[in-house]
Amino acid sequence: MKEKGYLSSESLRKGQLKEVELAIEVDRICRKHNLQYWLDYGTLLGAVRHKGFIPWDDDMDLSMPTADFKKFLEIAPQEINPQFFVQTDKTDPQADMGGGLCKVRYNNTLFLGEDDVFAKQYHRGLSIDIFESKNTPLFRPYKLFHFVTHWKSKTYCFFKSRRLLDFKNILCFFTFPILHAFFSIWWKLICLTHRCNAEYINMNRRIYGKPTPKSEIYPLSTLEFEGYQFSVPNNYIRRVTDIFGPDYMTLPPVEKRRIHALLMIPEL
């Protein structure tokens, strides 16, 4: 793997193993309180293809259905091991997490990414992402689904990232609130007129892939990841295919191997 920024292969691997510790703690809390979660996105692909991290990946993704996600946000800050921190809009307001996302961070570590805003003070430790997975209609044509959800997400996320002061972004600043309201209403109408029989990421996040039917998610199964057993969708092959397409076992070319971190320090 080509090193990026100040991140070495050794630091990446140590950081990955720290993140596994975070996932084990989340798994413990979920088991204790009968909360459902599953490995998702690149982490699920890593479990299927590598039995662990994708070699160049630097984060872990978990998903929880809405009811369990909300319970976790209530329980975890009090239950978590003191060496970890549950980061939400309430526990760390300057982090500007937005809806549908929680991070569990490792104290006395450091993770710096391209999207970090250094004008704000918030916890920047190594972390894993926990996404809210919402009841979603699975309807056709898929192009319409993608069009509505893409713009609903894009118009929301625009205000959650740093932007250059140029004409395009100034235009978006004034038009995107209107567009977001329009696509939000359209989405609500779709949900009212279609059966919500699938799981999909909260629309307030950057989205990709397509929904997976609930019958393919539940009951949850388990799969090995870095020597540990974690919860995964019952038909995890269907879930990976929905997210990455049928060629998920093919490694991408080196120039397309995405990494988030510029710097990872597993111990401070």
# chains A, B, ... in the order shown; residues from 1 in each chain; ligands from 1

call {"tool": "residues_around", "arguments": {"residues": "segment 16-19 of chain A", "least_positions_apart": "5", "cutoff": "7 Å", "atoms": "only C-alpha atoms", "output": "list in words"}}
result
Asp58, Met60, Leu126, Ser127 and Ile128 of chain A

call {"tool": "closest_atom_pairs", "arguments": {"of": "segment 44-111 of chain A", "to": "segment 200-216 of chain A", "cutoff": "12 Å", "atoms": "only C-alpha atoms", "output": "JSON lines"}}
result
{"residue": "A:Asp61", "atom": "CA", "partner": "A:Ile201", "partner_atom": "CA", "distance": 11.5}
{"residue": "A:Leu62", "atom": "CA", "partner": "A:Ile201", "partner_atom": "CA", "distance": 10.7}
{"residue": "A:Ser63", "atom": "CA", "partner": "A:Ile201", "partner_atom": "CA", "distance": 8.0}
{"residue": "A:Met64", "atom": "CA", "partner": "A:Ile201", "partner_atom": "CA", "distance": 9.3}
{"residue": "A:Pro65", "atom": "CA", "partner": "A:Tyr200", "partner_atom": "CA", "distance": 9.2}
{"residue": "A:Thr66", "atom": "CA", "partner": "A:Asn202", "partner_atom": "CA", "distance": 9.0}
{"residue": "A:Phe69", "atom": "CA", "partner": "A:Asn202", "partner_atom": "CA", "distance": 11.2}
{"residue": "A:Met97", "atom": "CA", "partner": "A:Arg205", "partner_atom": "CA", "distance": 9.8}
{"residue": "A:Gly98", "atom": "CA", "partner": "A:Asn204", "partner_atom": "CA", "distance": 7.1}
{"residue": "A:Gly99", "atom": "CA", "partner": "A:Asn204", "partner_atom": "CA", "distance": 5.9}
{"residue": "A:Gly100", "atom": "CA", "partner": "A:Asn202", "partner_atom": "CA", "distance": 5.4}
{"residue": "A:Leu101", "atom": "CA", "partner": "A:Arg205", "partner_atom": "CA", "distance": 7.9}
{"residue": "A:Cys102", "atom": "CA", "partner": "A:Arg205", "partner_atom": "CA", "distance": 11.5}

call {"tool": "select_by_dssp", "arguments": {"residues": "segment 130-193 of chain A", "states": "strand (DSSP E)", "output": "number ranges by chain"}}
result
A: 130-137

call {"tool": "write_last_selection", "arguments": {"atoms": "N, CA and C atoms", "output": "short mmCIF file (atom, residue, chain, number, x, y, z; two decimals), in the first residue's frame"}}
result
data_model
loop_
_atom_site.label_atom_id
_atom_site.label_comp_id
_atom_site.auth_asym_id
_atom_site.auth_seq_id
_atom_site.Cartn_x
_atom_site.Cartn_y
_atom_site.Cartn_z
N ILE A 130 -20.90 4.12 13.54
CA ILE A 130 -22.15 3.37 13.69
C ILE A 130 -23.24 4.17 13.00
N PHE A 131 -23.82 3.59 11.96
CA PHE A 131 -24.84 4.27 11.17
C PHE A 131 -26.24 3.80 11.55
N GLU A 132 -27.16 4.73 11.53
CA GLU A 132 -28.57 4.36 11.69
C GLU A 132 -29.07 3.78 10.37
N SER A 133 -29.66 2.59 10.44
CA SER A 133 -30.25 1.97 9.25
C SER A 133 -31.77 2.07 9.37
N LYS A 134 -32.38 2.73 8.39
CA LYS A 134 -33.79 3.07 8.49
C LYS A 134 -34.67 2.17 7.61
N ASN A 135 -35.93 2.01 8.04
CA ASN A 135 -36.92 1.34 7.21
C ASN A 135 -37.07 2.12 5.92
N THR A 136 -36.95 1.43 4.80
CA THR A 136 -36.92 2.10 3.50
C THR A 136 -37.75 1.31 2.50
N PRO A 137 -38.51 1.98 1.67
CA PRO A 137 -39.21 1.26 0.60
C PRO A 137 -38.25 0.80 -0.49
#

call {"tool": "closest_residue", "arguments": {"among": "A:Val148, A:Val86, A:Leu251, A:Leu35", "to": "Leu189 of chain A", "atoms": "only C-alpha atoms"}}
result
A:Val148

call {"tool": "select_by_dssp", "arguments": {"residues": "segment 215-255 of chain A", "states": "helix (DSSP H, G or I)", "output": "JSON, numbers by chain"}}
result
{"A": [215, 216, 217, 236, 237, 238, 239, 240, 241, 242, 243, 244, 254, 255]}

call {"tool": "residues_around", "arguments": {"residues": "Ile178 of chain A", "least_positions_apart": "4", "cutoff": "12 Å", "atoms": "only C-alpha atoms", "output": "number ranges by chain"}}
result
A: 151-152, 155-156, 171-174, 182-185

call {"tool": "write_last_selection", "arguments": {"atoms": "all heavy atoms", "output": "compact mmCIF listing (two decimals), in the first residue's frame"}}
result
# COMPACT_ATOMS: atom_id res chain seq x y z
N TRP A 151 -30.10 13.24 -4.27
CA TRP A 151 -30.23 14.69 -4.09
C TRP A 151 -30.66 15.05 -2.68
O TRP A 151 -30.26 16.10 -2.15
CB TRP A 151 -31.19 15.26 -5.13
CG TRP A 151 -30.49 15.48 -6.43
CD1 TRP A 151 -30.54 14.70 -7.54
CD2 TRP A 151 -29.58 16.55 -6.73
NE1 TRP A 151 -29.73 15.20 -8.52
CE2 TRP A 151 -29.13 16.34 -8.05
CE3 TRP A 151 -29.12 17.65 -6.03
CZ2 TRP A 151 -28.23 17.19 -8.68
CZ3 TRP A 151 -28.22 18.51 -6.64
CH2 TRP A 151 -27.78 18.28 -7.94
N LYS A 152 -31.43 14.22 -2.05
CA LYS A 152 -31.79 14.47 -0.64
C LYS A 152 -30.55 14.44 0.22
O LYS A 152 -30.34 15.29 1.10
CB LYS A 152 -32.80 13.44 -0.15
CG LYS A 152 -33.32 13.70 1.26
CD LYS A 152 -34.36 12.67 1.65
CE LYS A 152 -34.95 12.99 3.02
NZ LYS A 152 -33.98 13.00 4.11
N THR A 155 -27.90 17.48 -0.87
CA THR A 155 -28.27 18.82 -0.43
C THR A 155 -28.13 18.98 1.08
O THR A 155 -28.00 20.09 1.59
CB THR A 155 -29.71 19.16 -0.85
OG1 THR A 155 -30.59 18.12 -0.42
CG2 THR A 155 -29.80 19.30 -2.37
N TYR A 156 -28.19 17.86 1.82
CA TYR A 156 -27.96 17.92 3.27
C TYR A 156 -26.48 17.97 3.58
O TYR A 156 -26.01 18.80 4.37
CB TYR A 156 -28.59 16.69 3.94
CG TYR A 156 -28.32 16.62 5.42
CD1 TYR A 156 -29.17 17.24 6.33
CD2 TYR A 156 -27.22 15.93 5.93
CE1 TYR A 156 -28.92 17.19 7.70
CE2 TYR A 156 -26.97 15.88 7.29
CZ TYR A 156 -27.82 16.50 8.17
OH TYR A 156 -27.57 16.45 9.51
N LEU A 171 -23.78 29.58 -5.14
CA LEU A 171 -25.09 29.27 -5.72
C LEU A 171 -25.75 28.12 -4.95
O LEU A 171 -26.94 28.17 -4.63
CB LEU A 171 -24.93 28.92 -7.20
CG LEU A 171 -26.22 28.61 -7.97
CD1 LEU A 171 -27.11 29.84 -8.02
CD2 LEU A 171 -25.87 28.14 -9.38
N CYS A 172 -24.95 27.09 -4.66
CA CYS A 172 -25.48 25.95 -3.91
C CYS A 172 -25.94 26.36 -2.51
O CYS A 172 -26.94 25.85 -1.99
CB CYS A 172 -24.41 24.86 -3.80
SG CYS A 172 -24.03 24.03 -5.36
N PHE A 173 -25.22 27.29 -1.91
CA PHE A 173 -25.54 27.74 -0.55
C PHE A 173 -26.97 28.28 -0.49
O PHE A 173 -27.69 28.08 0.49
CB PHE A 173 -24.55 28.80 -0.11
CG PHE A 173 -24.78 29.32 1.28
CD1 PHE A 173 -24.26 28.64 2.37
CD2 PHE A 173 -25.53 30.47 1.50
CE1 PHE A 173 -24.48 29.11 3.67
CE2 PHE A 173 -25.75 30.93 2.78
CZ PHE A 173 -25.22 30.25 3.87
N PHE A 174 -27.40 28.96 -1.54
CA PHE A 174 -28.73 29.56 -1.54
C PHE A 174 -29.81 28.63 -2.10
O PHE A 174 -30.98 28.73 -1.72
CB PHE A 174 -28.72 30.87 -2.33
CG PHE A 174 -27.98 31.98 -1.64
CD1 PHE A 174 -26.70 32.34 -2.05
CD2 PHE A 174 -28.56 32.67 -0.59
CE1 PHE A 174 -26.02 33.36 -1.41
CE2 PHE A 174 -27.87 33.69 0.07
CZ PHE A 174 -26.61 34.04 -0.34
N PHE A 182 -37.57 20.21 -0.96
CA PHE A 182 -38.35 19.59 -2.03
C PHE A 182 -38.16 18.08 -2.06
O PHE A 182 -39.14 17.30 -2.08
CB PHE A 182 -37.94 20.20 -3.38
CG PHE A 182 -38.53 19.50 -4.57
CD1 PHE A 182 -39.86 19.71 -4.92
CD2 PHE A 182 -37.76 18.64 -5.34
CE1 PHE A 182 -40.41 19.07 -6.03
CE2 PHE A 182 -38.30 17.99 -6.44
CZ PHE A 182 -39.63 18.21 -6.78
N PHE A 183 -36.90 17.62 -2.02
CA PHE A 183 -36.65 16.18 -2.10
C PHE A 183 -37.04 15.47 -0.81
O PHE A 183 -37.40 14.28 -0.84
CB PHE A 183 -35.18 15.92 -2.44
CG PHE A 183 -34.86 16.16 -3.90
CD1 PHE A 183 -34.17 17.29 -4.30
CD2 PHE A 183 -35.28 15.27 -4.87
CE1 PHE A 183 -33.89 17.53 -5.64
CE2 PHE A 183 -35.02 15.48 -6.21
CZ PHE A 183 -34.31 16.62 -6.60
N SER A 184 -37.01 16.16 0.32
CA SER A 184 -37.47 15.57 1.57
C SER A 184 -38.96 15.29 1.53
O SER A 184 -39.43 14.23 1.97
CB SER A 184 -37.13 16.48 2.75
OG SER A 184 -35.73 16.59 2.92
N ILE A 185 -39.72 16.24 0.99
CA ILE A 185 -41.17 16.04 0.85
C ILE A 185 -41.47 14.92 -0.13
O ILE A 185 -42.33 14.06 0.12
CB ILE A 185 -41.84 17.36 0.40
CG1 ILE A 185 -41.73 18.41 1.51
CG2 ILE A 185 -43.30 17.12 0.02
CD1 ILE A 185 -42.17 19.79 1.08

call {"tool": "residues_around", "arguments": {"residues": "segment 228-239 of chain A", "least_positions_apart": "2", "cutoff": "10 Å", "atoms": "only C-alpha atoms", "output": "ChimeraX atom specification"}}
result
/A:20,23-24,27,36-41,44-45,47-48,51-52,62-63,199,209-226,241-246,248

call {"tool": "write_last_selection", "arguments": {"atoms": "N, CA and C atoms", "output": "short mmCIF file (atom, residue, chain, number, x, y, z; two decimals), in the first residue's frame"}}
result
data_model
loop_
_atom_site.label_atom_id
_atom_site.label_comp_id
_atom_site.auth_asym_id
_atom_site.auth_seq_id
_atom_site.Cartn_x
_atom_site.Cartn_y
_atom_site.Cartn_z
N VAL A 20 -10.64 -2.63 16.15
CA VAL A 20 -11.27 -3.91 16.49
C VAL A 20 -11.64 -3.93 17.98
N ALA A 23 -14.86 -2.16 18.34
CA ALA A 23 -15.99 -2.97 17.87
C ALA A 23 -16.34 -4.06 18.87
N ILE A 24 -15.34 -4.64 19.52
CA ILE A 24 -15.60 -5.67 20.54
C ILE A 24 -16.39 -5.07 21.70
N ASP A 27 -19.94 -4.56 20.57
CA ASP A 27 -20.58 -5.87 20.56
C ASP A 27 -20.99 -6.29 21.97
N GLN A 36 -29.43 -4.98 18.18
CA GLN A 36 -28.95 -5.55 16.94
C GLN A 36 -28.02 -4.58 16.21
N TYR A 37 -26.97 -5.13 15.65
CA TYR A 37 -26.04 -4.37 14.80
C TYR A 37 -25.46 -5.34 13.80
N TRP A 38 -24.82 -4.82 12.78
CA TRP A 38 -24.10 -5.70 11.85
C TRP A 38 -22.94 -4.94 11.21
N LEU A 39 -21.90 -5.66 10.85
CA LEU A 39 -20.81 -5.09 10.05
C LEU A 39 -21.39 -4.68 8.71
N ASP A 40 -20.94 -3.53 8.21
CA ASP A 40 -21.53 -3.03 6.97
C ASP A 40 -20.49 -2.35 6.10
N TYR A 41 -20.88 -2.08 4.85
CA TYR A 41 -20.06 -1.35 3.88
C TYR A 41 -18.67 -1.98 3.74
N LEU A 44 -17.89 -4.98 6.07
CA LEU A 44 -18.53 -6.23 5.68
C LEU A 44 -17.81 -6.84 4.48
N LEU A 45 -17.45 -6.01 3.52
CA LEU A 45 -16.69 -6.51 2.37
C LEU A 45 -15.37 -7.10 2.83
N ALA A 47 -14.74 -8.49 5.71
CA ALA A 47 -15.02 -9.77 6.36
C ALA A 47 -15.22 -10.88 5.33
N VAL A 48 -15.96 -10.55 4.26
CA VAL A 48 -16.26 -11.55 3.22
C VAL A 48 -15.01 -11.88 2.41
N LYS A 51 -11.55 -11.77 5.52
CA LYS A 51 -11.74 -12.19 6.92
C LYS A 51 -11.20 -11.16 7.90
N GLY A 52 -11.19 -9.93 7.48
CA GLY A 52 -10.69 -8.83 8.31
C GLY A 52 -10.72 -7.56 7.50
N LEU A 62 -20.36 0.00 11.15
CA LEU A 62 -21.42 -0.83 11.69
C LEU A 62 -22.75 -0.14 11.41
N SER A 63 -23.81 -0.92 11.30
CA SER A 63 -25.15 -0.36 11.15
C SER A 63 -26.06 -0.92 12.23
N GLU A 199 -33.77 -2.18 4.39
CA GLU A 199 -32.89 -1.40 5.27
C GLU A 199 -31.96 -0.56 4.41
N GLY A 209 -24.81 2.52 -2.96
CA GLY A 209 -25.45 1.21 -2.97
C GLY A 209 -26.96 1.35 -3.01
N LYS A 210 -27.65 0.26 -2.75
CA LYS A 210 -29.11 0.27 -2.75
C LYS A 210 -29.64 -0.50 -1.55
N PRO A 211 -30.91 -0.33 -1.22
CA PRO A 211 -31.46 -1.00 -0.04
C PRO A 211 -31.41 -2.51 -0.16
N THR A 212 -31.36 -3.16 0.99
CA THR A 212 -31.40 -4.62 1.05
C THR A 212 -32.70 -5.04 1.75
N PRO A 213 -33.47 -5.97 1.18
CA PRO A 213 -34.71 -6.41 1.82
C PRO A 213 -34.46 -6.90 3.25
N LYS A 214 -35.39 -6.60 4.14
CA LYS A 214 -35.24 -7.03 5.52
C LYS A 214 -35.10 -8.55 5.63
N SER A 215 -35.77 -9.27 4.73
CA SER A 215 -35.70 -10.73 4.77
C SER A 215 -34.29 -11.24 4.51
N GLU A 216 -33.43 -10.41 3.90
CA GLU A 216 -32.04 -10.79 3.64
C GLU A 216 -31.11 -10.32 4.76
N ILE A 217 -31.61 -9.42 5.61
CA ILE A 217 -30.82 -8.93 6.74
C ILE A 217 -31.06 -9.78 7.99
N TYR A 218 -32.34 -10.01 8.30
CA TYR A 218 -32.72 -10.70 9.54
C TYR A 218 -33.20 -12.12 9.23
N PRO A 219 -32.98 -13.05 10.21
CA PRO A 219 -32.22 -12.89 11.45
C PRO A 219 -30.74 -12.77 11.16
N LEU A 220 -30.05 -12.01 12.00
CA LEU A 220 -28.63 -11.78 11.79
C LEU A 220 -27.83 -13.06 11.98
N SER A 221 -26.70 -13.11 11.28
CA SER A 221 -25.77 -14.23 11.41
C SER A 221 -24.45 -13.68 11.96
N THR A 222 -23.40 -14.48 11.92
CA THR A 222 -22.08 -14.02 12.36
C THR A 222 -21.04 -14.38 11.31
N LEU A 223 -19.93 -13.65 11.33
CA LEU A 223 -18.84 -13.87 10.39
C LEU A 223 -17.54 -13.45 11.06
N GLU A 224 -16.46 -14.12 10.68
CA GLU A 224 -15.16 -13.80 11.27
C GLU A 224 -14.62 -12.49 10.71
N PHE A 225 -14.08 -11.68 11.62
CA PHE A 225 -13.40 -10.45 11.24
C PHE A 225 -12.22 -10.27 12.19
N GLU A 226 -11.01 -10.36 11.65
CA GLU A 226 -9.79 -10.23 12.44
C GLU A 226 -9.76 -11.18 13.64
N THR A 241 -23.35 -7.35 -2.36
CA THR A 241 -23.68 -7.13 -3.78
C THR A 241 -24.52 -5.86 -3.95
N ASP A 242 -25.46 -5.63 -3.05
CA ASP A 242 -26.28 -4.42 -3.12
C ASP A 242 -25.43 -3.16 -2.99
N ILE A 243 -24.36 -3.24 -2.21
CA ILE A 243 -23.53 -2.07 -1.96
C ILE A 243 -22.45 -1.89 -3.03
N PHE A 244 -21.77 -2.99 -3.38
CA PHE A 244 -20.59 -2.88 -4.23
C PHE A 244 -20.76 -3.47 -5.62
N GLY A 245 -21.88 -4.13 -5.87
CA GLY A 245 -22.08 -4.74 -7.17
C GLY A 245 -21.57 -6.18 -7.22
N PRO A 246 -21.82 -6.87 -8.32
CA PRO A 246 -21.49 -8.30 -8.41
C PRO A 246 -20.00 -8.60 -8.45
N TYR A 248 -17.67 -7.70 -6.41
CA TYR A 248 -17.09 -7.28 -5.13
C TYR A 248 -15.81 -8.03 -4.76
#

call {"tool": "atom_distance", "arguments": {"atom1": "atom CA of Glu25 of chain A", "atom2": "atom CA of Ile80 of chain A"}}
result
7.3 Å

call {"tool": "residues_around", "arguments": {"residues": "Ala261 of chain A", "least_positions_apart": "3", "cutoff": "12 Å", "atoms": "only C-alpha atoms", "output": "PyMOL selection string"}}
result
chain A and resi 3-9+11-12+15-16+56-59+110-116+124-127+258+264-265

call {"tool": "atom_distance", "arguments": {"atom1": "atom CA of Tyr142 of chain A", "atom2": "atom CA of Thr193 of chain A"}}
result
15.9 Å

call {"tool": "residues_around", "arguments": {"residues": "Leu268 of chain A", "least_positions_apart": "6", "cutoff": "9 Å", "atoms": "only C-alpha atoms", "output": "MDAnalysis selection string"}}
result
chainID A and resid 107:110

call {"tool": "closest_residue", "arguments": {"among": "A:Lys143, A:Arg49, A:His194, A:His180", "to": "Cys157 of chain A", "atoms": "only C-alpha atoms"}}
result
A:His180

call {"tool": "atom_distance", "arguments": {"atom1": "atom CA of Gln121 of chain A", "atom2": "atom CA of Gln94 of chain A"}}
result
6.3 Å

call {"tool": "closest_residue", "arguments": {"among": "A:Lys154, A:Arg195, A:Val117, A:Asp166", "to": "Leu179 of chain A", "atoms": "only C-alpha atoms"}}
result
A:Lys154
